[in-house]
Every structure is written in C-alpha cells, then in structure tokens.
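The structure under discussion appears below in the form of structure tokens.
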Amino acid sequence: MKLRLMRMIQINNALGLFDGISCGQLALHRAGVKFNKYYASEIEKYPISATLKNFPNTIQLGDINDWKSWDLEDIDLIIGGSPCQGFSMAGQRLNFDDERSKLFFVFVEIIKHYQPKYWLLENVKMKKDIQDAISAELGLEPVLINSGLVSAQSRDRLYWTNIPIETLPDDKGIYLKDILETLPESEIRGGDLEEYFKEKEGKLSPRGLCHIGTANLKGIQSLKRVYHPDGKSPTLTTSMGGNRESKVSTSETTWRKLTPLECERLQTLPDGYTDNLSNTQRYKAIGNGWTVDVIAHIFRFMEE
C-alpha cells in the first residue's frame, strides 16, 4: 500500500449531493484534500445551518432536481448518499418505485454530465438484486465498510466509488465506554432495568432502543438491541438517542438517553459540530450523516 496518510492532495472543486451536515466536506479536510470550492445540494434548513456554522464558505445550490440550472465548472469530485429508505432491508422494500430512491438516477445523471475525476456513492446494505442493479448502473461493485473499525458504532455501509480503495481502515478498538460523557445524577433514571424493558417490550420504537450496561438482561436478549459498554453502539438513526426509549445504562439499576454529543462522537464528528441546532434536530441530522473517518480513509486513496 502506498503511504498517503501525510500527503496533501489538491483538486479543483467538489460537489456534495444530499449534503446534509456536510460530513463529506469535513472528511476532505481530515484526509488532507485541498479544494477550491465546495458546492452543496441540500434542501433541509437545519442541516444547512449546521454546515454553514462549520463551513461558512460552502456554496449552497438547493434542490438536486434543479441541477440542470447549475452552472458549475472544474468539478473533480462528486459525492453523495441518495435517500436510502426505498433500499433499506428494514423498510417497505419499495426500492426503485420509491420516490426518494429514484433520486439515485438523478445522482447518476449528474455524474454523467460533469464527468468528475472521482465520485462516491454511499448507501445502506440492501437486497442483493437491488445492489446488483445499482452496481450495473455505476459500472462497479461496492465496498462494504463497517464504521465500527474507526468508531464505537456498528454501522455497515456500501460505498460505490472509482477511488481505488486498497485496504479497509485499521481497527482503532474504540468502544462505547470510550465516548460516553459523565452526566449529572439528575439526568439519570433509576429502577429495575430488566423489569422496565419487559414492561415496555412491544411498545418500543424498533429504531430507538439502545441499552448499554451490566444489568441482568435475561429474557430481553431477543430484542437484539442490547449493548454493553465494552461493545459497540447500534447504527445511529434519526431518532437514536432522542427517542424516549433510547437508554444508556450507567449501572445495573440506572439509565439515561444517549446525548447529542455522544452521537457526534459515534459518527466521528468534532464535539459540538451540531450544537447550533435543537437536540431533536441534532439527533436527526447526525443519524442521517456519514461516519467521517470512514470517508476520510477513502479520500486518502485519491491521487493528485
């Protein structure tokens, strides 16, 4: 493997589609990739606000469906994670009939139009026939990377890219206990944890439960969303941490919610990256984001 960790790479302009809180732009900085301009296509005001707080020079373009009106030059890199709800194994499996997932084809149109030197598409694990259809459209197979290699979050994602990924990231050995913050006792709830979850079973959000601790878990392991401080967090979603039933156990008898700061750390964002938003909007934006260190690892394989 060529040593790229310390080199500085220069490209012209970058374009982030479905840009969210601009995790891709952050990854470029972290990977040592210099660029002249960063264009972002995003329609939700709260992620845009977080982006502009951290990167005020970002040029916001608005709705991706208006891309034919954009007049951009020297685009060397296009990145994006088109909405995944229609591709998700946990969703309704609407796939290409889902209006959100049809935006994948808009991504492809933009790639064909600008013909950047590099491009990257991120998405969730999905049914093999859908994955194969996307691969056929893009002309290459994806690389599966779990964010758990670089963070305390287990998060499988597929990356289609013409950047030559030579190796997976090294396992940094980061676990939940490494990213949890200490909160005042007033924010920690007490009681019989096992009985609490038994009582709530069947009423829990399928995306929201995150118990982390050493409590007696006999009888509730079937929920498959029970985690220990020495392990990894489940994949963050837009409600993780904020949902009333998302709990972090601090002992056998106490628990609390995941905090926005802890969720930022799970996505390898800087502490406070989204702190100009309400907690509700922070959870949503972080859950929709990328694990920055994974993207930075991929960008380090770019050539000058």
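Ligands are numbered from 1 in the order shown, chains are lettered A, B, ... in the order of the structure tokens, and residues start at 1 in each chain.
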How close does stretch 4-23 of chain A get to stretch 267-274 of chain A? List, as a Markdown table, each residue of stretch 4-23 of chain A within 12 Å, its nearest atom pair and the distance in Å to one decimal, counting only C-alpha atoms.
```
| residue | atom | partner | partner_atom | distance |
| --- | --- | --- | --- | --- |
| A:Gly20 | CA | A:Thr274 | CA | 11.4 |
| A:Ile21 | CA | A:Thr274 | CA | 8.2 |
| A:Ser22 | CA | A:Tyr273 | CA | 10.6 |
| A:Cys23 | CA | A:Leu269 | CA | 7.9 |
```
Quiz item: Taking into account only C-alpha atoms, which residue in the set A:Phe35, A:Phe55, A:Tyr118, A:Trp67 is nearest to A:Glu303?
Solution: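 Of A:Phe35, A:Phe55, A:Tyr118, A:Trp67, the one nearest A:Glu303 is A:Tyr118, counting only C-alpha atoms.
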Practice problem: May I have all residues of stretch 15-201 of chain A that DSSP, computed from the backbone, assigns to alpha helix (DSSP H), given as an NGL selection string? | Solution: :A and (23-31 or 45-54 or 103-114 or 128-138 or 176-179 or 193-200)
Show me a table, sorted first by chain and then by increasing residue number, of the residues of stretch 146-188 of chain A having an atom at most 12 Å from stretch 72-80 of chain A, each with its shortest atom pair and the distance in Å to one decimal, counting only C-alpha atoms and written as a Markdown table.
```
| residue | atom | partner | partner_atom | distance |
| --- | --- | --- | --- | --- |
| A:Tyr159 | CA | A:Gly80 | CA | 10.1 |
| A:Trp160 | CA | A:Ile79 | CA | 10.0 |
| A:Thr161 | CA | A:Ile79 | CA | 8.9 |
| A:Asn162 | CA | A:Leu77 | CA | 10.4 |
| A:Ile163 | CA | A:Leu77 | CA | 10.1 |
```
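In this model, the gap between atom CA of A:Asn279 and atom CA of A:Asp19 comes to 19.9 Å.
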Quiz item: Which one of A:Ile179, A:Ile295, A:Leu15, A:Ala152 sits closest to A:Thr235 if you count only C-alpha atoms?
Solution: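 Nearest to A:Thr235: A:Ala152.
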Quiz item: For A:Phe104, which residue among A:Met126, A:Gly81, A:Lys117, A:Cys263 is the nearest when counting only C-alpha atoms?
Solution: A:Gly81
Exercise. Show which residues sit within 9 Å of A:Lys37, as a VMD selection string. Count only C-alpha atoms, and ignore same-chain residues fewer than 5 positions away.
Key: chain A and resid 12 to 15 57 to 59
Self-check item: Spatial neighbours of stretch 132-146 of chain A, 7 Å, only C-alpha atoms, chain gap at least 3 places, as a VMD selection string
Solution: chain A and resid 128 to 129 149 154 to 160
Self-check item: Polymer residues at most 8 Å from A:Phe18, only C-alpha atoms, same-chain spacing of 3 or more positions, as a PyMOL selection string
Solution: chain A and resi 40-42+64+80-83
